[in-house]
>>> print(open('run34.cif').read())   # mmCIF, C-alpha atoms
data_run
loop_
_atom_site.label_atom_id
_atom_site.label_comp_id
_atom_site.auth_asym_id
_atom_site.auth_seq_id
_atom_site.Cartn_x
_atom_site.Cartn_y
_atom_site.Cartn_z
CA ALA A 23 0.00 0.00 0.00
CA GLN A 24 1.12 3.51 -0.74
CA THR A 25 1.82 5.89 2.10
CA ILE A 26 2.45 9.59 1.95
CA HIS A 27 4.24 11.37 4.73
CA GLN A 28 4.67 15.10 5.23
CA TRP A 29 7.01 16.87 7.62
CA PRO A 30 6.86 18.77 9.81
CA VAL A 31 3.31 18.39 11.02
CA ALA A 32 3.19 22.03 12.05
CA GLU A 33 5.59 24.93 12.29
CA ILE A 34 5.71 28.49 13.56
CA LYS A 35 8.24 30.67 11.75
CA ALA A 36 9.29 34.30 11.73
CA VAL A 37 8.83 36.59 8.75
CA GLY A 38 12.01 36.60 6.70
CA SER A 39 13.18 33.20 7.89
CA PRO A 40 13.75 30.27 5.54
CA LEU A 41 11.35 27.37 5.13
CA SER A 42 11.64 23.78 4.00
CA LEU A 43 8.67 21.40 3.92
CA GLY A 44 9.00 17.80 2.87
CA CYS A 45 6.89 15.06 1.38
CA THR A 46 7.75 11.39 0.88
CA ILE A 47 5.82 8.72 -0.99
CA LYS A 48 6.40 5.07 -0.20
CA GLY A 49 5.12 2.06 -2.07
CA LYS A 50 4.89 3.63 -5.50
CA SER A 51 7.68 4.19 -7.99
CA SER A 52 7.88 7.26 -10.22
CA PRO A 53 4.72 8.97 -9.01
CA ASN A 54 3.61 12.39 -10.16
CA LEU A 55 3.87 14.74 -7.19
CA TYR A 56 2.04 17.96 -6.36
CA TRP A 57 2.13 20.77 -3.81
CA TYR A 58 -1.02 22.61 -2.75
CA TRP A 59 -1.59 25.53 -0.41
CA GLN A 60 -4.69 26.54 1.49
CA ALA A 61 -4.95 29.82 3.33
CA THR A 62 -6.98 29.70 6.52
CA GLY A 63 -10.61 29.70 5.42
CA GLY A 64 -9.58 29.72 1.78
CA THR A 65 -9.63 27.32 -1.14
CA LEU A 66 -6.93 24.85 -2.12
CA GLN A 67 -4.54 26.07 -4.81
CA GLN A 68 -2.10 23.89 -6.67
CA LEU A 69 1.41 25.36 -6.54
CA PHE A 70 3.73 22.90 -8.28
CA TYR A 71 3.79 19.53 -9.95
CA SER A 72 6.55 17.14 -10.88
CA ILE A 73 6.54 14.11 -13.13
CA THR A 74 10.13 13.01 -12.60
CA VAL A 75 13.25 13.57 -10.54
CA GLY A 76 14.80 16.98 -11.08
CA GLN A 77 11.81 18.37 -12.97
CA VAL A 78 9.29 20.74 -11.39
CA GLU A 79 6.67 22.94 -13.03
CA SER A 80 5.07 25.95 -11.36
CA VAL A 81 1.31 26.46 -11.45
CA VAL A 82 0.93 29.43 -9.10
CA GLN A 83 3.75 31.73 -8.02
CA LEU A 84 3.76 32.55 -4.32
CA ASN A 85 7.47 33.34 -3.87
CA LEU A 86 8.02 29.65 -3.18
CA SER A 87 10.11 27.04 -4.93
CA ALA A 88 9.95 23.29 -5.15
CA SER A 89 12.44 20.55 -5.89
CA ARG A 90 12.37 16.83 -6.43
CA PRO A 91 15.75 15.47 -5.35
CA LYS A 92 14.63 11.84 -5.27
CA ASP A 93 11.95 9.77 -6.97
CA ASP A 94 9.95 9.58 -3.76
CA GLN A 95 10.64 13.02 -2.33
CA PHE A 96 9.23 16.50 -2.98
CA ILE A 97 10.47 19.60 -1.18
CA LEU A 98 8.82 23.02 -0.89
CA SER A 99 10.99 25.89 0.21
CA THR A 100 11.68 29.59 0.35
CA GLU A 101 14.58 31.67 1.61
CA LYS A 102 12.37 34.41 3.07
CA LEU A 103 8.94 33.78 4.50
CA LEU A 104 6.12 36.31 4.18
CA LEU A 105 3.10 36.65 6.43
CA SER A 106 1.00 35.58 3.44
CA HIS A 107 2.70 32.19 3.42
CA SER A 108 0.74 31.11 6.47
CA GLY A 109 -1.69 28.30 5.85
CA PHE A 110 -1.99 24.60 5.21
CA TYR A 111 0.39 22.90 2.79
CA LEU A 112 -0.57 19.63 1.18
CA CYS A 113 1.41 17.18 -0.89
CA ALA A 114 -0.36 14.83 -3.28
CA TRP A 115 0.60 12.04 -5.65
CA SER A 116 -0.84 10.32 -8.67
CA LEU A 117 0.22 7.57 -11.05
CA GLY A 118 0.04 9.58 -14.25
CA TRP A 119 -1.96 12.09 -16.22
CA ASP A 120 -4.86 10.43 -17.93
CA GLN A 121 -8.01 10.45 -15.74
CA ASP A 122 -5.64 10.10 -12.88
CA THR A 123 -6.68 10.46 -9.27
CA GLN A 124 -4.62 12.53 -6.88
CA TYR A 125 -4.19 11.29 -3.32
CA PHE A 126 -3.35 13.77 -0.61
CA GLY A 127 -1.08 13.66 2.40
CA PRO A 128 -1.94 14.78 5.93
CA GLY A 129 -0.60 18.29 5.42
CA THR A 130 1.66 20.75 7.25
CA ARG A 131 0.29 23.74 9.13
CA LEU A 132 2.45 26.83 8.87
CA LEU A 133 2.06 30.00 10.87
CA VAL A 134 4.27 32.93 9.98
CA LEU A 135 4.57 35.68 12.58
CA ASP B 11 -10.48 28.08 -12.47
CA ALA B 12 -13.44 26.41 -10.76
CA LYS B 13 -16.33 26.01 -13.21
CA THR B 14 -18.73 24.31 -10.87
CA THR B 15 -21.53 25.61 -8.68
CA GLN B 16 -22.44 23.94 -5.42
CA PRO B 17 -24.64 24.96 -2.49
CA ASP B 18 -22.65 26.41 0.36
CA SER B 19 -24.07 24.02 2.93
CA MET B 20 -26.45 21.12 3.50
CA GLU B 21 -27.72 19.43 6.62
CA SER B 22 -28.62 15.83 7.21
CA THR B 23 -29.28 13.29 9.94
CA GLU B 24 -27.45 10.04 10.53
CA GLY B 25 -28.85 7.19 8.45
CA GLU B 26 -30.29 9.43 5.77
CA THR B 27 -29.33 9.33 2.11
CA VAL B 28 -27.84 12.66 1.06
CA HIS B 29 -27.89 14.13 -2.42
CA LEU B 30 -25.17 16.71 -3.08
CA PRO B 31 -25.78 18.65 -6.31
CA CYS B 32 -23.19 20.19 -8.59
CA SER B 33 -23.82 22.33 -11.64
CA HIS B 34 -21.25 22.49 -14.45
CA ALA B 35 -23.12 24.06 -17.34
CA THR B 36 -20.02 24.79 -19.41
CA ILE B 37 -18.36 21.39 -19.08
CA SER B 38 -16.28 20.27 -22.05
CA GLY B 39 -16.25 16.83 -23.58
CA ASN B 40 -12.79 16.04 -22.22
CA GLU B 41 -13.49 17.09 -18.64
CA TYR B 42 -13.96 14.52 -15.90
CA ILE B 43 -16.11 15.20 -12.86
CA TYR B 44 -14.22 14.55 -9.63
CA TRP B 45 -15.49 14.59 -6.07
CA TYR B 46 -13.26 15.02 -3.04
CA ARG B 47 -14.16 15.65 0.56
CA GLN B 48 -12.16 17.42 3.23
CA VAL B 49 -12.43 17.76 6.98
CA PRO B 50 -10.64 20.59 8.79
CA LEU B 51 -6.87 20.25 9.08
CA GLN B 52 -6.75 17.15 6.89
CA GLY B 53 -5.95 16.58 3.26
CA PRO B 54 -8.80 16.06 0.80
CA GLU B 55 -10.01 12.50 0.41
CA TYR B 56 -10.89 11.16 -3.02
CA VAL B 57 -14.53 10.08 -3.23
CA THR B 58 -15.27 9.24 -6.84
CA HIS B 59 -15.12 10.47 -10.42
CA GLY B 60 -16.85 9.97 -13.73
CA LEU B 61 -17.03 11.11 -17.32
CA GLN B 62 -20.44 10.22 -18.75
CA GLN B 63 -21.80 7.12 -17.06
CA ASN B 64 -23.02 6.92 -13.49
CA THR B 65 -20.45 5.39 -11.20
CA THR B 66 -20.58 3.68 -7.84
CA ASN B 67 -18.06 2.61 -5.24
CA SER B 68 -18.00 1.83 -1.57
CA MET B 69 -18.29 5.47 -0.63
CA ALA B 70 -20.86 6.97 -2.96
CA PHE B 71 -22.93 6.88 -6.12
CA LEU B 72 -22.29 9.54 -8.76
CA ALA B 73 -25.21 10.36 -10.98
CA ILE B 74 -24.31 12.34 -14.10
CA ALA B 75 -27.01 14.03 -16.15
CA SER B 76 -27.32 12.89 -19.75
CA ASP B 77 -26.21 16.33 -21.00
CA ARG B 78 -23.39 16.31 -18.41
CA LYS B 79 -24.30 19.81 -17.24
CA SER B 80 -24.94 18.65 -13.72
CA SER B 81 -24.15 15.79 -11.40
CA THR B 82 -25.24 14.55 -8.00
CA LEU B 83 -23.15 12.79 -5.42
CA ILE B 84 -25.34 10.40 -3.46
CA LEU B 85 -24.18 9.31 -0.04
CA PRO B 86 -26.24 6.43 1.35
CA HIS B 87 -26.86 6.10 5.06
CA VAL B 88 -24.59 8.91 6.17
CA SER B 89 -22.82 8.79 9.50
CA LEU B 90 -21.12 11.47 11.57
CA ARG B 91 -17.87 10.59 9.81
CA ASP B 92 -19.34 11.80 6.52
CA ALA B 93 -19.48 15.37 7.77
CA ALA B 94 -17.05 17.29 5.58
CA VAL B 95 -16.73 19.85 2.81
CA TYR B 96 -17.49 18.13 -0.48
CA HIS B 97 -15.78 19.49 -3.58
CA CYS B 98 -17.04 18.94 -7.11
CA ILE B 99 -14.17 19.52 -9.54
CA LEU B 100 -13.78 19.38 -13.30
CA ARG B 101 -10.51 18.04 -14.53
CA VAL B 102 -9.29 18.26 -18.10
CA VAL B 103 -7.35 15.29 -19.32
CA SER B 104 -4.31 17.11 -20.58
CA ASN B 105 -0.59 17.08 -20.26
CA TYR B 106 -0.70 18.15 -16.66
CA ASN B 107 -2.92 17.25 -13.79
CA VAL B 108 -4.27 20.42 -12.17
CA LEU B 109 -7.21 20.35 -9.81
CA TYR B 110 -9.09 23.61 -9.23
CA PHE B 111 -10.88 23.50 -5.89
CA GLY B 112 -13.76 25.81 -5.08
CA SER B 113 -15.41 26.41 -1.74
CA GLY B 114 -17.49 23.22 -1.93
CA THR B 115 -20.57 22.17 0.06
CA LYS B 116 -20.26 21.86 3.79
CA LEU B 117 -22.25 18.81 4.85
CA THR B 118 -23.39 18.74 8.44
CA VAL B 119 -24.60 15.43 9.88
CA GLU B 120 -26.67 15.48 13.04
CA PRO B 121 -26.98 12.45 15.37
#
>>> encode(input="run34.cif", output="structure tokens")
Amino acid sequence: AQTIHQWPVAEIKAVGSPLSLGCTIKGKSSPNLYWYWQATGGTLQQLFYSITVGQVESVVQLNLSASRPKDDQFILSTEKLLLSHSGFYLCAWSLGWDQDTQYFGPGTRLLVL
Amino acid sequence: DAKTTQPDSMESTEGETVHLPCSHATISGNEYIYWYRQVPLQGPEYVTHGLQQNTTNSMAFLAIASDRKSSTLILPHVSLRDAAVYHCILRVVSNYNVLYFGSGTKLTVEP
């Protein structure tokens, strides 16, 4: 069975500090991976997607970047956090493109002060 | 961009069958209808999806209108665990897999 793990579970960070959020998929090789963000009380927005190691495409720019250093790992980061980065970050995976279902991880809560 | 319309909220009682409507009047032929549900502070959970034919699984029955301009997610015998925000999403089968979430329907289930 596939498992998706996100870390950390929650974090409180200062404005201007760096951020690194991680996502790992186990039990599935070469998945497509996605990052989503949800502001408190807001709707989910897809930020990035990746179909293979080393390749990441941006969907929405929020002064964030993403990387895929390993087949099963997806990283979301920024060098300088903004207050507007607060929210709920979700990682998702799918097998491919065609009528493919995305499965979501448990998420990371981020509060920027 | 979300191209679906759903009621903001619906209420039900445990054991009832709930019908969650979704309007997608401008749906294209290559767009699938996906349903996810989300409870606070958790990731969305896949419920079901369909293209033209009605579909059923262990969680729900998806009824799609013959003109595909609307669909209804039917949840039989709801329990308290079914309380969530239900999202109806159109997804184009293309070279990337982007889901556009709207505000969904908040389903409340009373004991």
>>> resolve_selection(input="run34.cif", expression="the PyMOL selection byres ((chain B) within 6 of (chain A))", output="list in words")
Gln52, Gly53, Val103, Asn107, Phe111, Gly112 and Ser113 of chain B
>>> residues_near_point(input="run34.cif", point="(-15.0, 26.4, -12.4)", cutoff="12 Å", atoms="all atoms listed in the file", output="PyMOL selection string")
chain B and resi 11-16+32-38+41+43+97-102+109-114
>>> residues_around(input="run34.cif", residues="Glu21 in chain B", least_positions_apart="6", cutoff="9 Å", atoms="only C-alpha atoms", output="CSV table (one decimal) with C-alpha atoms, keeping the file's coordinate frame")
chain,number,residue,atom,x,y,z
B,28,VAL,CA,-27.8,12.7,1.1
B,116,LYS,CA,-20.3,21.9,3.8
B,117,LEU,CA,-22.2,18.8,4.8
B,118,THR,CA,-23.4,18.7,8.4
B,119,VAL,CA,-24.6,15.4,9.9
B,120,GLU,CA,-26.7,15.5,13.0
>>> atom_distance(input="run34.cif", atom1="CA of Asp94 in chain A", atom2="CA of Thr58 in chain B")
25.4 Å
>>> axis_aligned_box(input="run34.cif", around="range 98-117 of chain A", padding_each_side="8 Å", output="AutoDock Vina command-line options")
--center_x 6.3 --center_y 22.1 --center_z -2.3 --size_x 32.6 --size_y 45.1 --size_z 33.5
>>> decode(input="run34.cif", residues="range 73-110 of chain B", atoms="N, CA, C and O atoms", output="tab-separated table (two decimals), in the first residue's frame")
chain	number	residue	atom	x	y	z
B	73	ALA	N	-24.24	10.31	-9.90
B	73	ALA	CA	-25.21	10.36	-10.98
B	73	ALA	C	-24.89	11.55	-11.87
B	73	ALA	O	-24.84	12.69	-11.39
B	74	ILE	N	-24.67	11.29	-13.15
B	74	ILE	CA	-24.31	12.34	-14.10
B	74	ILE	C	-25.46	12.52	-15.08
B	74	ILE	O	-25.92	11.54	-15.69
B	75	ALA	N	-25.91	13.75	-15.23
B	75	ALA	CA	-27.01	14.03	-16.15
B	75	ALA	C	-26.62	13.66	-17.57
B	75	ALA	O	-25.45	13.68	-17.93
B	76	SER	N	-27.60	13.34	-18.38
B	76	SER	CA	-27.32	12.89	-19.75
B	76	SER	C	-26.61	13.96	-20.57
B	76	SER	O	-25.80	13.65	-21.44
B	77	ASP	N	-26.90	15.25	-20.29
B	77	ASP	CA	-26.21	16.33	-21.00
B	77	ASP	C	-24.92	16.75	-20.29
B	77	ASP	O	-24.24	17.67	-20.75
B	78	ARG	N	-24.61	16.10	-19.21
B	78	ARG	CA	-23.39	16.31	-18.41
B	78	ARG	C	-23.29	17.71	-17.80
B	78	ARG	O	-22.25	18.09	-17.32
B	79	LYS	N	-24.36	18.46	-17.80
B	79	LYS	CA	-24.30	19.81	-17.24
B	79	LYS	C	-24.53	19.84	-15.74
B	79	LYS	O	-24.45	20.91	-15.11
B	80	SER	N	-24.80	18.73	-15.17
B	80	SER	CA	-24.94	18.65	-13.72
B	80	SER	C	-24.66	17.23	-13.26
B	80	SER	O	-24.70	16.28	-14.07
B	81	SER	N	-24.35	17.11	-11.98
B	81	SER	CA	-24.15	15.79	-11.40
B	81	SER	C	-24.59	15.84	-9.94
B	81	SER	O	-24.73	16.93	-9.36
B	82	THR	N	-24.82	14.66	-9.39
B	82	THR	CA	-25.24	14.55	-8.00
B	82	THR	C	-24.45	13.45	-7.32
B	82	THR	O	-24.40	12.32	-7.83
B	83	LEU	N	-23.84	13.79	-6.22
B	83	LEU	CA	-23.15	12.79	-5.42
B	83	LEU	C	-24.14	12.29	-4.38
B	83	LEU	O	-24.69	13.07	-3.60
B	84	ILE	N	-24.36	10.99	-4.37
B	84	ILE	CA	-25.34	10.40	-3.46
B	84	ILE	C	-24.61	9.59	-2.40
B	84	ILE	O	-23.86	8.66	-2.72
B	85	LEU	N	-24.82	9.99	-1.16
B	85	LEU	CA	-24.18	9.31	-0.04
B	85	LEU	C	-25.25	8.54	0.72
B	85	LEU	O	-26.13	9.13	1.36
B	86	PRO	N	-25.21	7.21	0.67
B	86	PRO	CA	-26.24	6.43	1.35
B	86	PRO	C	-25.93	6.28	2.83
B	86	PRO	O	-24.78	6.11	3.24
B	87	HIS	N	-26.96	6.38	3.62
B	87	HIS	CA	-26.86	6.10	5.06
B	87	HIS	C	-25.68	6.82	5.70
B	87	HIS	O	-24.75	6.20	6.21
B	88	VAL	N	-25.71	8.14	5.66
B	88	VAL	CA	-24.59	8.91	6.17
B	88	VAL	C	-24.41	8.70	7.66
B	88	VAL	O	-25.36	8.45	8.41
B	89	SER	N	-23.15	8.83	8.09
B	89	SER	CA	-22.82	8.79	9.50
B	89	SER	C	-22.12	10.09	9.86
B	89	SER	O	-21.85	10.92	8.99
B	90	LEU	N	-21.80	10.25	11.14
B	90	LEU	CA	-21.12	11.47	11.57
B	90	LEU	C	-19.77	11.63	10.87
B	90	LEU	O	-19.30	12.76	10.67
B	91	ARG	N	-19.17	10.52	10.48
B	91	ARG	CA	-17.87	10.59	9.81
B	91	ARG	C	-17.96	11.15	8.40
B	91	ARG	O	-16.94	11.48	7.80
B	92	ASP	N	-19.17	11.24	7.86
B	92	ASP	CA	-19.34	11.80	6.52
B	92	ASP	C	-19.43	13.31	6.52
B	92	ASP	O	-19.48	13.94	5.47
B	93	ALA	N	-19.45	13.91	7.70
B	93	ALA	CA	-19.48	15.37	7.77
B	93	ALA	C	-18.16	15.92	7.25
B	93	ALA	O	-17.08	15.56	7.73
B	94	ALA	N	-18.25	16.77	6.24
B	94	ALA	CA	-17.05	17.29	5.58
B	94	ALA	C	-17.46	18.35	4.57
B	94	ALA	O	-18.65	18.58	4.34
B	95	VAL	N	-16.47	18.98	3.96
B	95	VAL	CA	-16.73	19.85	2.81
B	95	VAL	C	-16.52	18.99	1.57
B	95	VAL	O	-15.45	18.40	1.39
B	96	TYR	N	-17.54	18.93	0.73
B	96	TYR	CA	-17.49	18.13	-0.48
B	96	TYR	C	-17.23	19.03	-1.69
B	96	TYR	O	-17.96	19.98	-1.94
B	97	HIS	N	-16.19	18.69	-2.43
B	97	HIS	CA	-15.78	19.49	-3.58
B	97	HIS	C	-16.10	18.75	-4.88
B	97	HIS	O	-15.72	17.59	-5.05
B	98	CYS	N	-16.78	19.44	-5.76
B	98	CYS	CA	-17.04	18.94	-7.11
B	98	CYS	C	-16.08	19.66	-8.04
B	98	CYS	O	-16.06	20.90	-8.08
B	99	ILE	N	-15.26	18.92	-8.76
B	99	ILE	CA	-14.17	19.52	-9.54
B	99	ILE	C	-14.18	18.97	-10.95
B	99	ILE	O	-14.39	17.77	-11.16
B	100	LEU	N	-13.95	19.84	-11.92
B	100	LEU	CA	-13.78	19.38	-13.30
B	100	LEU	C	-12.30	19.29	-13.61
B	100	LEU	O	-11.54	20.20	-13.30
B	101	ARG	N	-11.92	18.20	-14.19
B	101	ARG	CA	-10.51	18.04	-14.53
B	101	ARG	C	-10.37	17.69	-16.00
B	101	ARG	O	-10.95	16.72	-16.47
B	102	VAL	N	-9.56	18.51	-16.69
B	102	VAL	CA	-9.29	18.26	-18.10
B	102	VAL	C	-8.19	17.23	-18.22
B	102	VAL	O	-7.17	17.32	-17.54
B	103	VAL	N	-8.41	16.25	-19.05
B	103	VAL	CA	-7.35	15.29	-19.32
B	103	VAL	C	-6.38	15.95	-20.28
B	103	VAL	O	-6.66	16.11	-21.45
B	104	SER	N	-5.27	16.39	-19.75
B	104	SER	CA	-4.31	17.11	-20.58
B	104	SER	C	-2.92	16.68	-20.18
B	104	SER	O	-2.73	15.67	-19.52
B	105	ASN	N	-1.95	17.49	-20.56
B	105	ASN	CA	-0.59	17.08	-20.26
B	105	ASN	C	-0.14	17.48	-18.87
B	105	ASN	O	1.01	17.32	-18.53
B	106	TYR	N	-1.01	17.99	-18.07
B	106	TYR	CA	-0.70	18.15	-16.66
B	106	TYR	C	-1.98	18.02	-15.86
B	106	TYR	O	-3.06	18.20	-16.37
B	107	ASN	N	-1.80	17.70	-14.63
B	107	ASN	CA	-2.92	17.25	-13.79
B	107	ASN	C	-3.18	18.31	-12.73
B	107	ASN	O	-2.67	18.24	-11.63
B	108	VAL	N	-3.97	19.32	-13.09
B	108	VAL	CA	-4.27	20.42	-12.17
B	108	VAL	C	-5.71	20.30	-11.69
B	108	VAL	O	-6.62	20.16	-12.51
B	109	LEU	N	-5.87	20.33	-10.40
B	109	LEU	CA	-7.21	20.35	-9.81
B	109	LEU	C	-7.51	21.76	-9.31
B	109	LEU	O	-6.71	22.35	-8.61
B	110	TYR	N	-8.67	22.30	-9.69
B	110	TYR	CA	-9.09	23.61	-9.23
B	110	TYR	C	-10.22	23.42	-8.21
B	110	TYR	O	-11.34	23.08	-8.59
